[in-house]
$ cat coords.csv   # CSV, C-alpha atoms
chain,number,residue,atom,x,y,z
A,1,MET,CA,202.9,174.2,262.8
A,2,LEU,CA,202.8,171.3,260.4
A,3,ARG,CA,204.7,171.2,257.2
A,4,SER,CA,203.8,169.3,254.1
A,5,GLU,CA,206.4,167.0,253.0
A,6,ALA,CA,207.3,166.1,249.4
A,7,LEU,CA,205.9,162.8,248.4
A,8,PRO,CA,208.1,160.2,246.8
A,9,PRO,CA,208.0,160.3,243.0
A,10,SER,CA,206.1,157.0,242.7
A,11,LEU,CA,203.3,158.2,245.0
A,12,ALA,CA,203.1,161.6,243.4
A,13,GLY,CA,202.5,160.0,240.0
A,14,ARG,CA,199.8,157.8,241.4
A,15,THR,CA,198.1,160.8,242.9
A,16,ARG,CA,198.0,162.6,239.7
A,17,GLU,CA,196.4,159.6,237.9
A,18,LEU,CA,193.7,159.3,240.6
A,19,ARG,CA,192.8,163.0,240.3
A,20,GLN,CA,192.6,162.8,236.6
A,21,GLY,CA,190.4,159.7,236.8
A,22,SER,CA,188.1,161.4,239.2
A,23,ARG,CA,187.6,164.3,236.7
A,24,PHE,CA,186.9,161.9,233.9
A,25,ARG,CA,184.3,160.0,236.0
A,26,ARG,CA,182.5,163.3,236.8
A,27,ALA,CA,182.4,164.2,233.1
A,28,GLY,CA,181.2,160.7,232.2
A,29,ALA,CA,178.4,160.9,234.7
A,30,ALA,CA,177.1,164.1,233.1
A,31,LEU,CA,177.4,162.7,229.5
A,32,PRO,CA,174.3,160.4,229.5
A,33,LEU,CA,172.2,163.3,230.8
A,34,ALA,CA,173.6,165.6,228.0
A,35,ILE,CA,172.7,163.0,225.4
A,36,VAL,CA,169.2,162.5,226.7
A,37,VAL,CA,168.6,166.3,226.7
A,38,THR,CA,170.0,166.6,223.2
A,39,VAL,CA,167.9,163.8,221.8
A,40,ALA,CA,164.7,165.1,223.5
A,41,ALA,CA,165.3,168.5,222.1
A,42,ALA,CA,165.8,167.1,218.6
A,43,ALA,CA,162.7,165.0,218.9
A,44,ALA,CA,160.7,168.0,220.0
A,45,GLN,CA,161.8,169.8,216.8
A,46,GLN,CA,160.6,166.9,214.5
A,47,PRO,CA,157.0,167.2,213.1
A,48,THR,CA,154.6,164.8,214.7
A,49,GLN,CA,153.9,161.9,212.4
A,50,PRO,CA,150.2,161.1,212.0
A,51,PRO,CA,149.2,157.6,212.8
A,52,ALA,CA,148.8,155.2,209.9
A,53,PRO,CA,145.2,155.3,208.5
A,54,ALA,CA,143.1,152.4,209.6
A,55,PRO,CA,142.2,150.0,206.8
A,56,PRO,CA,138.8,150.5,205.3
A,57,PRO,CA,136.1,148.4,207.1
A,58,ILE,CA,135.1,145.2,205.4
A,59,PRO,CA,131.6,146.0,203.9
A,60,LYS,CA,128.6,143.9,204.8
A,61,LEU,CA,127.9,141.7,201.8
A,62,VAL,CA,124.2,140.9,201.5
A,63,SER,CA,123.3,138.4,198.7
A,64,VAL,CA,121.2,140.3,196.2
A,65,LYS,CA,118.6,138.5,194.0
A,66,PRO,CA,118.8,138.9,190.3
A,67,ILE,CA,115.5,140.2,188.9
A,68,ASP,CA,113.6,137.5,187.0
A,69,PRO,CA,113.6,138.3,183.3
A,70,PRO,CA,110.4,138.2,181.2
A,71,GLY,CA,109.4,134.7,179.9
A,72,THR,CA,109.9,136.0,176.4
A,73,PRO,CA,112.9,138.4,176.2
A,74,LEU,CA,113.5,141.1,173.6
A,75,PRO,CA,114.1,139.3,170.3
A,76,ALA,CA,117.5,139.1,168.7
A,77,GLU,CA,118.3,142.3,166.7
A,78,SER,CA,117.9,140.5,163.4
A,79,ALA,CA,114.5,139.2,164.3
A,80,SER,CA,113.0,142.7,164.7
A,81,ALA,CA,114.6,144.4,161.8
A,82,GLY,CA,111.4,145.2,160.0
A,83,ILE,CA,109.5,146.7,162.9
A,84,THR,CA,109.0,150.5,162.7
A,85,ARG,CA,105.9,151.1,164.9
A,86,PHE,CA,105.9,150.5,168.6
A,87,SER,CA,106.2,152.3,172.0
A,88,PHE,CA,108.5,152.2,174.9
A,89,ILE,CA,108.4,153.7,178.4
A,90,ALA,CA,111.1,155.8,180.1
A,91,TYR,CA,111.3,156.9,183.8
A,92,GLY,CA,113.9,157.3,186.6
A,93,ASP,CA,114.7,158.0,190.2
A,94,THR,CA,112.7,155.4,192.1
A,95,ARG,CA,114.7,155.6,195.3
A,96,SER,CA,113.2,156.5,198.7
A,97,GLY,CA,114.1,159.5,200.7
A,98,SER,CA,116.0,159.5,204.0
A,99,GLU,CA,113.6,161.4,206.2
A,100,PRO,CA,113.8,160.2,209.9
A,101,GLY,CA,110.9,158.2,211.0
A,102,VAL,CA,109.6,157.5,207.5
A,103,PRO,CA,110.2,153.8,206.3
A,104,GLY,CA,112.4,153.8,203.2
A,105,ASP,CA,114.4,151.5,201.0
A,106,GLY,CA,115.4,148.3,202.7
A,107,GLN,CA,112.4,148.4,205.0
A,108,VAL,CA,109.3,148.5,202.8
A,109,VAL,CA,108.3,148.0,199.2
A,110,HIS,CA,108.5,151.5,197.9
A,111,PRO,CA,104.9,152.8,197.9
A,112,GLU,CA,105.3,155.6,195.4
A,113,HIS,CA,107.1,153.4,192.9
A,114,THR,CA,104.4,150.8,193.4
A,115,ARG,CA,101.7,153.3,192.6
A,116,LEU,CA,103.5,154.4,189.5
A,117,MET,CA,104.0,150.7,188.4
A,118,ASP,CA,100.2,150.2,188.8
A,119,THR,CA,99.6,152.9,186.3
A,120,MET,CA,102.4,151.8,184.0
A,121,LEU,CA,101.0,148.2,183.9
A,122,ALA,CA,97.6,149.5,183.1
A,123,ARG,CA,98.9,151.6,180.2
A,124,ILE,CA,100.9,148.6,178.9
A,125,LYS,CA,97.8,146.5,178.9
A,126,SER,CA,95.7,149.1,177.1
A,127,HIS,CA,98.3,149.5,174.4
A,128,ALA,CA,98.8,145.7,173.9
A,129,ALA,CA,96.4,145.4,171.0
A,130,SER,CA,97.1,148.9,169.5
A,131,PRO,CA,99.5,149.6,166.6
A,132,PHE,CA,102.0,150.8,169.1
A,133,PRO,CA,102.4,148.2,171.8
A,134,VAL,CA,104.9,148.8,174.6
A,135,ARG,CA,108.0,146.6,173.9
A,136,PHE,CA,110.4,147.6,176.7
A,137,VAL,CA,111.0,150.0,179.6
A,138,VAL,CA,114.2,152.0,180.3
A,139,GLN,CA,115.1,153.5,183.7
A,140,SER,CA,117.7,156.3,184.0
A,141,GLY,CA,119.0,155.5,187.4
A,142,ASP,CA,118.8,155.8,191.2
A,143,ALA,CA,116.8,152.7,191.8
A,144,VAL,CA,117.5,152.7,195.5
A,145,LEU,CA,118.9,155.1,198.1
A,146,ARG,CA,122.1,153.2,198.9
A,147,GLY,CA,123.1,150.7,196.2
A,148,ALA,CA,125.8,149.1,198.5
A,149,ASN,CA,123.0,147.9,200.8
A,150,GLY,CA,121.7,144.6,199.4
A,151,ASP,CA,118.5,144.7,201.5
A,152,GLN,CA,117.4,147.9,199.7
A,153,TRP,CA,117.4,146.1,196.3
A,154,ASN,CA,115.8,142.9,197.7
A,155,VAL,CA,113.1,144.5,199.7
A,156,SER,CA,112.2,147.7,198.0
A,157,PHE,CA,113.0,147.5,194.3
A,158,THR,CA,113.1,144.0,192.8
A,159,PRO,CA,109.6,142.9,193.8
A,160,ILE,CA,108.2,146.0,191.9
A,161,ILE,CA,110.2,145.4,188.7
A,162,GLU,CA,109.3,141.7,188.7
A,163,ARG,CA,105.7,142.7,188.3
A,164,LEU,CA,106.8,144.2,185.0
A,165,THR,CA,109.3,141.6,183.8
A,166,ARG,CA,108.0,138.3,185.1
A,167,GLY,CA,104.3,139.4,185.5
A,168,ALA,CA,103.7,141.5,182.3
A,169,GLY,CA,106.6,140.0,180.2
A,170,ILE,CA,108.2,143.4,179.5
A,171,PRO,CA,112.0,143.7,179.1
A,172,TYR,CA,113.6,146.3,181.5
A,173,PHE,CA,116.8,148.1,180.8
A,174,PHE,CA,118.6,150.1,183.5
A,175,SER,CA,121.3,152.8,183.6
A,176,VAL,CA,123.1,153.4,186.9
A,177,GLY,CA,122.7,156.6,189.0
A,178,ASN,CA,124.8,158.1,191.7
A,179,HIS,CA,122.8,156.4,194.5
A,180,ASP,CA,123.1,153.0,192.8
A,181,VAL,CA,126.9,153.0,192.7
A,182,SER,CA,127.6,155.4,195.7
A,183,GLY,CA,128.8,158.4,193.7
A,184,MET,CA,132.4,157.5,194.8
A,185,PRO,CA,135.3,157.3,192.2
A,186,GLN,CA,136.4,154.2,190.4
A,187,GLY,CA,138.4,151.9,192.7
A,188,ASP,CA,136.7,153.0,195.9
A,189,PRO,CA,135.5,150.0,197.9
A,190,LEU,CA,132.0,151.4,198.4
A,191,ARG,CA,131.6,151.9,194.6
A,192,SER,CA,132.9,148.4,194.0
A,193,LEU,CA,130.3,146.9,196.3
A,194,ALA,CA,127.5,149.0,195.0
A,195,LEU,CA,128.4,148.3,191.4
A,196,HIS,CA,128.6,144.6,192.3
A,197,ASN,CA,125.0,144.7,193.7
A,198,THR,CA,123.7,146.7,190.7
A,199,LEU,CA,125.2,144.4,188.1
A,200,THR,CA,124.0,141.3,190.0
A,201,VAL,CA,120.4,142.6,190.3
A,202,MET,CA,120.4,143.4,186.5
A,203,SER,CA,122.4,140.4,185.4
A,204,ARG,CA,119.5,138.6,183.8
A,205,LEU,CA,118.0,141.7,182.1
A,206,ILE,CA,121.0,143.2,180.2
A,207,PRO,CA,123.4,141.8,177.6
A,208,PRO,CA,125.9,139.4,179.3
A,209,GLU,CA,129.6,139.9,179.8
A,210,GLY,CA,131.4,139.0,176.5
A,211,SER,CA,128.5,140.2,174.3
A,212,PRO,CA,129.4,142.6,171.5
A,213,ARG,CA,126.7,144.9,172.9
A,214,ARG,CA,128.3,145.0,176.4
A,215,LEU,CA,131.4,146.8,177.8
A,216,SER,CA,132.8,144.1,180.1
A,217,GLY,CA,133.2,145.2,183.7
A,218,TYR,CA,131.0,148.2,183.2
A,219,PRO,CA,127.2,148.7,183.5
A,220,THR,CA,127.4,150.0,179.9
A,221,TYR,CA,125.6,148.2,177.1
A,222,ALA,CA,123.3,148.6,174.1
A,223,VAL,CA,120.2,146.9,172.7
A,224,GLY,CA,118.5,147.2,169.3
A,225,TYR,CA,114.8,146.7,168.6
A,226,GLY,CA,113.0,147.6,165.3
A,227,ASN,CA,114.4,150.9,164.0
A,228,ALA,CA,115.6,152.1,167.5
A,229,PHE,CA,119.0,151.5,169.1
A,230,VAL,CA,119.4,152.2,172.8
A,231,ILE,CA,122.7,152.8,174.6
A,232,ALA,CA,122.9,152.8,178.4
A,233,LEU,CA,126.0,154.3,179.9
A,234,ASP,CA,127.4,155.2,183.4
A,235,SER,CA,127.4,159.0,183.6
A,236,ASN,CA,129.0,158.8,187.1
A,237,ILE,CA,132.2,158.1,185.2
A,238,ALA,CA,131.5,160.2,182.1
A,239,ALA,CA,135.2,161.2,181.9
A,240,ASP,CA,136.2,157.5,181.6
A,241,ALA,CA,138.1,157.0,178.3
A,242,ILE,CA,137.4,153.3,177.9
A,243,GLN,CA,133.6,153.8,178.2
A,244,LEU,CA,133.8,156.8,175.7
A,245,ALA,CA,135.8,154.6,173.3
A,246,TRP,CA,133.3,151.8,173.5
A,247,VAL,CA,130.3,154.1,172.9
A,248,THR,CA,132.1,155.7,170.0
A,249,GLU,CA,132.8,152.3,168.5
A,250,GLN,CA,129.1,151.3,168.8
A,251,LEU,CA,128.0,154.4,167.0
A,252,GLU,CA,130.6,154.3,164.3
A,253,HIS,CA,129.7,150.7,163.3
A,254,LEU,CA,126.0,151.0,163.6
A,255,ASP,CA,123.7,150.2,160.6
A,256,ARG,CA,122.1,153.6,160.1
A,257,ALA,CA,120.0,152.3,157.2
A,258,ARG,CA,118.1,150.3,159.8
A,259,TYR,CA,118.5,152.2,163.0
A,260,HIS,CA,116.9,155.6,162.5
A,261,HIS,CA,116.5,156.5,166.2
A,262,ILE,CA,119.4,156.4,168.5
A,263,VAL,CA,118.4,156.8,172.2
A,264,VAL,CA,121.0,157.2,174.9
A,265,VAL,CA,120.0,156.6,178.6
A,266,PHE,CA,122.1,157.9,181.5
A,267,HIS,CA,121.6,159.6,184.8
A,268,HIS,CA,123.1,163.1,184.8
A,269,PRO,CA,121.4,165.3,182.3
A,270,PRO,CA,123.3,167.7,180.0
A,271,PHE,CA,120.7,170.4,180.7
A,272,SER,CA,118.5,170.8,183.7
A,273,SER,CA,116.7,173.7,185.5
A,274,GLY,CA,116.3,171.7,188.7
A,275,PRO,CA,118.6,171.7,191.8
A,276,HIS,CA,121.3,169.6,190.0
A,277,GLY,CA,121.2,172.1,187.1
A,278,GLY,CA,120.5,175.7,186.8
A,279,THR,CA,123.4,177.8,188.0
A,280,HIS,CA,125.1,174.6,189.4
A,281,VAL,CA,127.1,172.5,186.9
A,282,GLU,CA,128.2,169.2,188.2
A,283,PRO,CA,131.4,167.5,186.9
A,284,ALA,CA,129.4,164.7,185.3
A,285,THR,CA,127.4,167.3,183.3
A,286,VAL,CA,130.6,169.0,182.2
A,287,ALA,CA,132.0,165.7,180.9
A,288,ILE,CA,128.7,164.9,179.1
A,289,ARG,CA,128.7,168.3,177.4
A,290,GLU,CA,132.3,168.3,176.4
A,291,ARG,CA,132.9,164.6,175.5
A,292,TYR,CA,129.5,163.1,174.6
A,293,MET,CA,127.4,165.9,173.1
A,294,PRO,CA,129.8,166.5,170.1
A,295,LEU,CA,129.8,162.7,169.6
A,296,PHE,CA,126.0,162.6,169.7
A,297,ARG,CA,125.8,165.3,167.1
A,298,LYS,CA,128.3,163.6,164.9
A,299,HIS,CA,126.2,160.4,164.8
A,300,HIS,CA,122.8,162.2,165.0
A,301,VAL,CA,121.6,160.8,168.2
A,302,ARG,CA,117.8,161.4,168.4
A,303,MET,CA,117.0,161.3,172.1
A,304,ILE,CA,118.7,161.5,175.6
A,305,ILE,CA,116.8,160.1,178.6
A,306,ALA,CA,118.2,161.2,181.9
A,307,GLY,CA,117.1,161.8,185.5
A,308,HIS,CA,118.9,163.0,188.7
A,309,ASP,CA,116.5,165.9,189.2
A,310,HIS,CA,113.2,164.6,190.5
A,311,LEU,CA,110.9,166.4,188.1
A,312,TYR,CA,110.1,166.6,184.4
A,313,ASP,CA,112.2,168.8,182.1
A,314,HIS,CA,112.5,168.8,178.3
A,315,TRP,CA,115.2,170.4,176.2
A,316,VAL,CA,115.7,170.4,172.4
A,317,GLU,CA,119.0,170.9,170.8
A,318,ARG,CA,119.1,171.8,167.1
A,319,TYR,CA,122.2,171.9,164.9
A,320,MET,CA,123.4,171.7,161.3
A,321,ASP,CA,125.5,169.0,159.8
A,322,ASN,CA,126.6,169.1,156.2
A,323,GLY,CA,123.8,171.4,155.3
A,324,THR,CA,121.0,169.4,157.1
A,325,SER,CA,119.2,170.4,160.2
A,326,TYR,CA,118.9,167.9,163.0
A,327,ARG,CA,117.1,167.7,166.3
A,328,LEU,CA,118.1,166.0,169.6
A,329,ASP,CA,115.4,165.8,172.4
A,330,ALA,CA,116.9,165.7,175.9
A,331,LEU,CA,114.4,164.6,178.6
A,332,VAL,CA,114.8,164.7,182.4
A,333,THR,CA,112.3,162.2,183.8
A,334,GLY,CA,113.0,161.8,187.5
A,335,GLY,CA,109.5,161.2,188.8
A,336,GLY,CA,109.7,157.5,189.7
A,337,GLY,CA,109.1,157.9,193.4
A,338,ALA,CA,112.0,159.8,194.9
A,339,PRO,CA,111.2,163.0,196.8
A,340,ALA,CA,110.0,165.6,194.3
A,341,TYR,CA,112.1,168.6,193.4
A,342,ALA,CA,111.2,172.1,192.0
A,343,TYR,CA,112.4,174.4,189.4
A,344,SER,CA,115.7,176.1,190.4
A,345,ALA,CA,117.0,178.3,187.6
A,346,GLU,CA,117.9,178.4,184.0
A,347,PRO,CA,121.4,177.1,183.2
A,348,ASP,CA,123.9,179.4,181.5
A,349,LEU,CA,124.3,177.7,178.1
A,350,GLN,CA,126.1,180.5,176.3
A,351,PRO,CA,129.6,178.8,176.6
A,352,TYR,CA,128.1,175.5,175.4
A,353,VAL,CA,126.3,177.1,172.4
A,354,ALA,CA,129.5,179.1,171.6
A,355,ALA,CA,131.5,175.9,171.5
A,356,GLY,CA,129.1,174.5,168.9
A,357,ALA,CA,128.9,177.6,166.8
A,358,ALA,CA,130.4,175.8,163.8
A,359,GLN,CA,127.3,173.6,163.7
A,360,GLN,CA,124.9,176.5,164.6
A,361,VAL,CA,123.9,174.8,167.9
A,362,ALA,CA,120.8,176.2,169.5
A,363,VAL,CA,119.1,174.9,172.7
A,364,GLN,CA,115.4,175.4,173.4
A,365,HIS,CA,113.7,174.8,176.8
A,366,LEU,CA,110.6,173.1,175.6
A,367,ALA,CA,108.9,172.1,178.9
A,368,VAL,CA,109.8,173.8,182.2
A,369,PRO,CA,109.4,172.2,185.7
A,370,GLY,CA,106.9,173.6,188.2
A,371,PRO,CA,108.0,176.2,190.8
A,372,THR,CA,107.2,173.9,193.8
A,373,ALA,CA,107.6,170.2,194.5
A,374,ALA,CA,103.9,169.8,194.4
A,375,ASP,CA,103.8,171.0,190.8
A,376,ASN,CA,106.1,168.1,189.7
A,377,PRO,CA,104.2,164.8,190.2
A,378,ARG,CA,105.4,161.2,189.9
A,379,HIS,CA,105.4,160.3,186.2
A,380,PHE,CA,106.7,158.2,183.4
A,381,VAL,CA,107.0,159.0,179.7
A,382,LEU,CA,105.3,156.9,177.0
A,383,ILE,CA,107.4,157.3,173.7
A,384,GLN,CA,105.8,156.3,170.4
A,385,VAL,CA,107.9,155.3,167.4
A,386,ASP,CA,106.1,155.7,164.1
A,387,GLY,CA,108.6,155.1,161.3
A,388,ASP,CA,110.9,158.2,161.2
A,389,SER,CA,108.6,160.1,163.6
A,390,LEU,CA,108.7,160.3,167.4
A,391,SER,CA,106.1,161.6,169.9
A,392,LEU,CA,105.6,161.3,173.6
A,393,GLU,CA,103.0,161.5,176.4
A,394,VAL,CA,103.9,162.3,180.0
A,395,VAL,CA,101.7,160.1,182.2
A,396,ALA,CA,101.4,161.5,185.8
A,397,ILE,CA,99.9,160.0,188.9
A,398,GLY,CA,98.3,162.0,191.8
A,399,ALA,CA,97.9,165.1,189.6
A,400,SER,CA,94.9,165.7,187.4
A,401,GLY,CA,95.6,167.5,184.2
A,402,PHE,CA,99.4,167.5,184.3
A,403,GLY,CA,100.3,169.3,181.0
A,404,PRO,CA,103.9,170.4,180.7
A,405,TYR,CA,103.4,171.4,177.1
A,406,ASN,CA,101.2,174.5,177.5
A,407,GLY,CA,98.5,172.5,179.3
A,408,ARG,CA,98.9,169.3,177.2
A,409,SER,CA,100.6,166.0,178.1
A,410,ARG,CA,101.4,165.0,174.5
A,411,VAL,CA,103.9,166.5,172.1
A,412,ASP,CA,105.2,165.6,168.6
A,413,LEU,CA,109.0,165.5,168.5
A,414,THR,CA,109.4,165.9,164.7
A,415,ASP,CA,110.2,169.2,163.2
A,416,ARG,CA,108.0,169.8,160.2
A,417,VAL,CA,109.7,171.4,157.2
A,418,SER,CA,107.4,174.0,155.7
$ encode --input "coords.csv" --output "structure tokens"
Amino acid sequence: MLRSEALPPSLAGRTRELRQGSRFRRAGAALPLAIVVTVAAAAAQQPTQPPAPAPPPIPKLVSVKPIDPPGTPLPAESASAGITRFSFIAYGDTRSGSEPGVPGDGQVVHPEHTRLMDTMLARIKSHAASPFPVRFVVQSGDAVLRGANGDQWNVSFTPIIERLTRGAGIPYFFSVGNHDVSGMPQGDPLRSLALHNTLTVMSRLIPPEGSPRRLSGYPTYAVGYGNAFVIALDSNIAADAIQLAWVTEQLEHLDRARYHHIVVVFHHPPFSSGPHGGTHVEPATVAIRERYMPLFRKHHVRMIIAGHDHLYDHWVERYMDNGTSYRLDALVTGGGGAPAYAYSAEPDLQPYVAAGAAQQVAVQHLAVPGPTAADNPRHFVLIQVDGDSLSLEVVAIGASGFGPYNGRSRVDLTDRVS
């Protein structure tokens, strides 16, 4: 039988050190694994971070051609001060549709807009020697389907308008629609490109940057001719405070002894019974009703020319101001060539009327769109200025006997005091 013998003190101490070192090494070998497991578990508990958004693509910039102006532009305001009898034309929504297989903007010169321009030029010619010659044309927006696409302006729109400006010598004043400036908010790259294209195309037709009749950086401006003053504004940004302040300033400092008729042109109508109206109230319409309509009543604006719905719709707002009754005619003239729309529904105007109760606001639906698209033909509106009186005629193509006023195409816009 073997017996263990006691080790010398020096060897016994060395043995204890080795045993302790072995235990430490075993613990150390497990430590990295414990750390890895702990870190992995902590990482699994952290929410997954989404990848950083990709920068917006650089848009394709196509050089757009400015529309050639008429050889003789609209005279300076002071030069036409004594004129009180003339006509002007209003229309809107000349863009193409987007139906697959059908050539549209950027591919062909718009055929429906071309047909309408044929009729417009013929009417301008027939009125040239009359007491009410056509002095200018206004368009309420949606010139092309995609305003950021330069080819759509160059190919499908500009050649038609130059028949009017360069060919017939008629000034042309344009107000932007949602398709022209993309419908995106201010600061969006797509809106910036589309607005750049729009302003470039119209640059030789509207007051230049720095003009007292132009809001710099905006497609917002004004022109005066005879006893009529026309303001074009961007209803896509109807809530914009700078634009509202500029329009207010123009109205507050206007010579009302001269300018009896204030006409405001923009795209989104305050009232409509088409697909963009009826029971559907768009944000732009809300802003127009809340911000601009009280301003228009304050300054006795005479007419609104809008589009957006591709049909003809006519509303009359009447109100009192300091004991006098006033009338504001609001037209929706969106028959310039875009796919036709049909009547949708009557808008609920009770809250709007209630908000204007102090001025006894009342709204009449004077001309109602047809129930089908076929009942709403391509058209423009010929507006006649005769001193303090206004009248209009709706001129349609492709539809015989279009009479939105109880079978008639003409209507007097002056309320007669009995």
$ atom_distance --input "coords.csv" --atom1 "atom CA of A:Tyr341" --atom2 "atom CA of A:Arg95"
13.4 Å
$ closest_atom_pairs --input "coords.csv" --of "stretch 256-289 of chain A" --to "stretch 74-85 of chain A" --cutoff "10 Å" --atoms "all atoms listed in the file" --output "Markdown table"
| residue | atom | partner | partner_atom | distance |
| --- | --- | --- | --- | --- |
| A:Arg258 | CA | A:Ala81 | CA | 7.1 |
| A:Tyr259 | CA | A:Ala81 | CA | 8.8 |
| A:His260 | CA | A:Thr84 | CA | 9.4 |
$ residues_near_point --input "coords.csv" --point "(100.8, 173.4, 178.2)" --cutoff "12 Å" --atoms "all atoms listed in the file" --output "ChimeraX atom specification"
/A:366-370,394,401-411
$ closest_residue --input "coords.csv" --among "A:Leu121, A:Ala241, A:Ala90, A:Ala143" --to "A:Gly106" --atoms "only C-alpha atoms"
A:Ala143
$ residues_around --input "coords.csv" --residues "A:Thr220" --least-positions-apart "2" --cutoff "6 Å" --atoms "only C-alpha atoms" --output "mmCIF file with C-alpha atoms, in the coordinates of the input"
data_model
loop_
_atom_site.group_PDB
_atom_site.id
_atom_site.type_symbol
_atom_site.label_atom_id
_atom_site.label_comp_id
_atom_site.auth_asym_id
_atom_site.auth_seq_id
_atom_site.Cartn_x
_atom_site.Cartn_y
_atom_site.Cartn_z
ATOM 1 C CA LEU A 215 131.400 146.800 177.800
ATOM 2 C CA TYR A 218 131.000 148.200 183.200
ATOM 3 C CA ALA A 232 122.900 152.800 178.400
ATOM 4 C CA LEU A 233 126.000 154.300 179.900
#
$ closest_residue --input "coords.csv" --among "A:Leu413, A:Met117, A:Ala373, A:Val201" --to "A:Tyr343" --atoms "all atoms listed in the file"
A:Ala373
$ closest_residue --input "coords.csv" --among "A:Val102, A:Ala374, A:Leu382, A:Met320" --to "A:Thr333" --atoms "only C-alpha atoms"
A:Leu382
$ atom_distance --input "coords.csv" --atom1 "atom CA of A:Phe174" --atom2 "atom CA of A:His314"
20.3 Å
$ residues_around --input "coords.csv" --residues "A:Val138" --least-positions-apart "3" --cutoff "9 Å" --atoms "all atoms listed in the file" --output "JSON list (two decimals) with C-alpha atoms, in the frame of the given file"
[["chain", "number", "residue", "atom", "x", "y", "z"],
["A", 88, "PHE", "CA", 108.50, 152.20, 174.90],
["A", 89, "ILE", "CA", 108.40, 153.70, 178.40],
["A", 90, "ALA", "CA", 111.10, 155.80, 180.10],
["A", 91, "TYR", "CA", 111.30, 156.90, 183.80],
["A", 92, "GLY", "CA", 113.90, 157.30, 186.60],
["A", 171, "PRO", "CA", 112.00, 143.70, 179.10],
["A", 172, "TYR", "CA", 113.60, 146.30, 181.50],
["A", 173, "PHE", "CA", 116.80, 148.10, 180.80],
["A", 174, "PHE", "CA", 118.60, 150.10, 183.50],
["A", 175, "SER", "CA", 121.30, 152.80, 183.60],
["A", 232, "ALA", "CA", 122.90, 152.80, 178.40],
["A", 265, "VAL", "CA", 120.00, 156.60, 178.60],
["A", 305, "ILE", "CA", 116.80, 160.10, 178.60]]
$ residues_around --input "coords.csv" --residues "A:Ile170" --least-positions-apart "2" --cutoff "7 Å" --atoms "all atoms listed in the file" --output "list of chain:residue names"
A:Pro70, A:Arg135, A:Phe136, A:Leu164, A:Thr165, A:Ala168, A:Tyr172
$ residues_around --input "coords.csv" --residues "A:Arg213" --least-positions-apart "5" --cutoff "12 Å" --atoms "all atoms listed in the file" --output "list in words"
Ala76, Glu77, Ile206, Pro207, Pro208, Tyr218, Pro219, Thr220, Tyr221, Ala222, Val223, Gly224, Phe229, Val230, Ile231, Ala232, Leu233, Trp246, Val247, Glu249, Gln250, Leu251, His253 and Leu254 of chain A
$ residues_near_point --input "coords.csv" --point "(119.9, 157.3, 183.6)" --cutoff "6 Å" --atoms "all atoms listed in the file" --output "list of chain:residue names"
A:Ser140, A:Gly141, A:Ser175, A:Val265, A:Phe266, A:His267, A:Ala306, A:Gly307
$ write_last_selection --input "coords.csv" --atoms "C-alpha atoms" --output "mmCIF file, in the frame of the given file"
data_model
loop_
_atom_site.group_PDB
_atom_site.id
_atom_site.type_symbol
_atom_site.label_atom_id
_atom_site.label_comp_id
_atom_site.auth_asym_id
_atom_site.auth_seq_id
_atom_site.Cartn_x
_atom_site.Cartn_y
_atom_site.Cartn_z
ATOM 1 C CA SER A 140 117.700 156.300 184.000
ATOM 2 C CA GLY A 141 119.000 155.500 187.400
ATOM 3 C CA SER A 175 121.300 152.800 183.600
ATOM 4 C CA VAL A 265 120.000 156.600 178.600
ATOM 5 C CA PHE A 266 122.100 157.900 181.500
ATOM 6 C CA HIS A 267 121.600 159.600 184.800
ATOM 7 C CA ALA A 306 118.200 161.200 181.900
ATOM 8 C CA GLY A 307 117.100 161.800 185.500
#
$ atom_distance --input "coords.csv" --atom1 "atom CA of A:Asn154" --atom2 "atom CA of A:Asp68"
12.2 Å
$ residues_around --input "coords.csv" --residues "stretch 282-296 of chain A" --least-positions-apart "6" --cutoff "10 Å" --atoms "only C-alpha atoms" --output "count of residues only"
32
$ closest_residue --input "coords.csv" --among "A:Ser87, A:Ser344, A:Ser389, A:Gln350" --to "A:Pro371" --atoms "all atoms listed in the file"
A:Ser344
$ closest_residue --input "coords.csv" --among "A:Leu349, A:Ile383, A:Leu199, A:Leu145" --to "A:Asn178" --atoms "only C-alpha atoms"
A:Leu145
$ closest_residue --input "coords.csv" --among "A:Gly226, A:Gln384, A:Gly177, A:Tyr319" --to "A:His127" --atoms "only C-alpha atoms"
A:Gln384
$ decode --input "coords.csv" --residues "stretch 285-290 of chain A" --atoms "N, CA and C atoms" --output "PDB file, in the first residue's frame"
ATOM      1  N   THR A 285     -60.285  73.969 -52.034  1.00  0.00           N
ATOM      2  CA  THR A 285     -61.602  74.608 -52.002  1.00  0.00           C
ATOM      3  C   THR A 285     -61.894  75.173 -50.620  1.00  0.00           C
ATOM      4  N   VAL A 286     -61.540  74.431 -49.585  1.00  0.00           N
ATOM      5  CA  VAL A 286     -61.732  74.932 -48.218  1.00  0.00           C
ATOM      6  C   VAL A 286     -60.976  76.237 -48.016  1.00  0.00           C
ATOM      7  N   ALA A 287     -59.718  76.265 -48.463  1.00  0.00           N
ATOM      8  CA  ALA A 287     -58.908  77.476 -48.299  1.00  0.00           C
ATOM      9  C   ALA A 287     -59.474  78.636 -49.105  1.00  0.00           C
ATOM     10  N   ILE A 288     -59.954  78.358 -50.310  1.00  0.00           N
ATOM     11  CA  ILE A 288     -60.558  79.415 -51.118  1.00  0.00           C
ATOM     12  C   ILE A 288     -61.795  79.978 -50.417  1.00  0.00           C
ATOM     13  N   ARG A 289     -62.645  79.102 -49.914  1.00  0.00           N
ATOM     14  CA  ARG A 289     -63.868  79.566 -49.246  1.00  0.00           C
ATOM     15  C   ARG A 289     -63.555  80.362 -47.986  1.00  0.00           C
ATOM     16  N   GLU A 290     -62.599  79.881 -47.201  1.00  0.00           N
ATOM     17  CA  GLU A 290     -62.344  80.512 -45.907  1.00  0.00           C
ATOM     18  C   GLU A 290     -61.474  81.753 -46.002  1.00  0.00           C
TER      19      GLU A 290
END
